[in-house]
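*Asks:* Sharing a structure below in structure tokens format, with a few things to ask.
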Amino acid sequence: DTAVSQTPKYLVTQMGNDKSIKCEQNLGHDTMYWYKQDSKKFLKIMFSYNNKELIINETVPNRFSPKSPDKAHLNLHINSLELGDSAVYFCASSQDSGGSGANVLTFGAGSRLTVL
Amino acid sequence: DAKTTQPPSMDCAEGRAANLPCNHSTISGNEYVYWYRQIHSQGPQYIIHGLKNNETNEMASLIITEDRKSSTLILPHATLRDTAVYYCIVRVFYGAGSYQLTFGKGTKLSVIP
């Protein structure tokens with residue numbers, strides 16, 4: 001029944017490794033997002049996809065590569081992990097990208113990444 | 001950058017109304033005001049949004065001033081489970097018909113027994 005589900009919930013890894021976080025939504029939404037929440041609790045948008053097309057890419061290092069195989073999935077792959085990548089990553093979805101008026105986001109429970 | 005200003009923290013007695021203010025003096029005429037909250041370690045949760053008129057749903061009421069430069073989120077009977085960080089957000093136009101929600105620092109509401 002989970003609307004937006006992320007896996008894994010926790011991820012502990014060494015610097016330099018490559019890891020992925022998966023996200024799936026069963027709401028039939030067209031738009032999906034990745035947000036990062038750092039240790040200071042600021043929640044910042046990283047990427048947004050609308051119908052599998054990238055529409056927002058906010059000054060995120062090239063080591064981060066989102067992949068959207070279909071509009072229900074948006075995965076985040078991170079290469080060469082660094083200490084500063086430690087954060088909670090939230091996936092979200094909305095009906096559309098907001099052009100039709102309001103865009104209400106539904107968030108997942110988050111994936112806590114710890115880089116040692 | 002977030003286009004809203006909120007007090008960093010507030011306390012509210014359990015069972016009383018919690019009134020959370022937000023200033024958004026640069027809001028444009030056709031932009032919505034959104035409220036989300038984040039309970040510790042959970043994903044942000046949508047509460048309510050409005051354009052000009054006051055809005056009410058099962059979670060809260062939203063009062064928007066006539067000039068739309070500020071709004072107040074009202075939780076009518078706060079419970080301990082309402083302890084969370086509350087975010088007031090105005091969308092940022094990103095281009096090509098897309099918008100993004102930029103989260104500021106929010107207001108940490110503590111509901112006290």
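Labels for the structure tokens follow display order: chains A, B, ..., residues from 1 in each chain, ligands from 1.
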Which residues of chain B are close to chain A, meaning at most 6 Å apart when you count only C-alpha atoms, and how do they look as an MDAnalysis selection string?
*Replies:* chainID B and resid 42:43 97:99 103
*Asks:* Env of Leu113 of chain A: 9 Å cut, atoms = only C-alpha atoms, seq-sep filter 4 positions within chain, self excluded. Answer as a list of chain:residue names.
*Replies:*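 In the requested form, the answer reads A:Lys9, A:Tyr10, A:Leu11, A:Val12, A:Thr13, A:Asp85, A:Ser86, A:Ala87, A:Val88, A:Tyr89.
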*Asks:* List the neighbours of Tyr46 of chain B out to 12 Å using only C-alpha atoms; skip same-chain residues closer than 2 positions along the sequence, and give me the result as a PyMOL selection string.
*Replies:* (chain A and resi 92-94+103-108) or (chain B and resi 33-39+43-44+48-49+57-60+86-89+101)
*Asks:* Name the residues in contact with Asn26 of chain A at a cut-off of 9 Å, using only C-alpha atoms, excluding same-chain residues fewer than 3 positions from it; report them as number ranges by chain.
*Replies:* A: 1-5, 29, 72
*Asks:* Using DSSP on the backbone coordinates, identify the residues of chain B assigned to strand (DSSP E); present them as a count of residues only.
*Replies:* 55
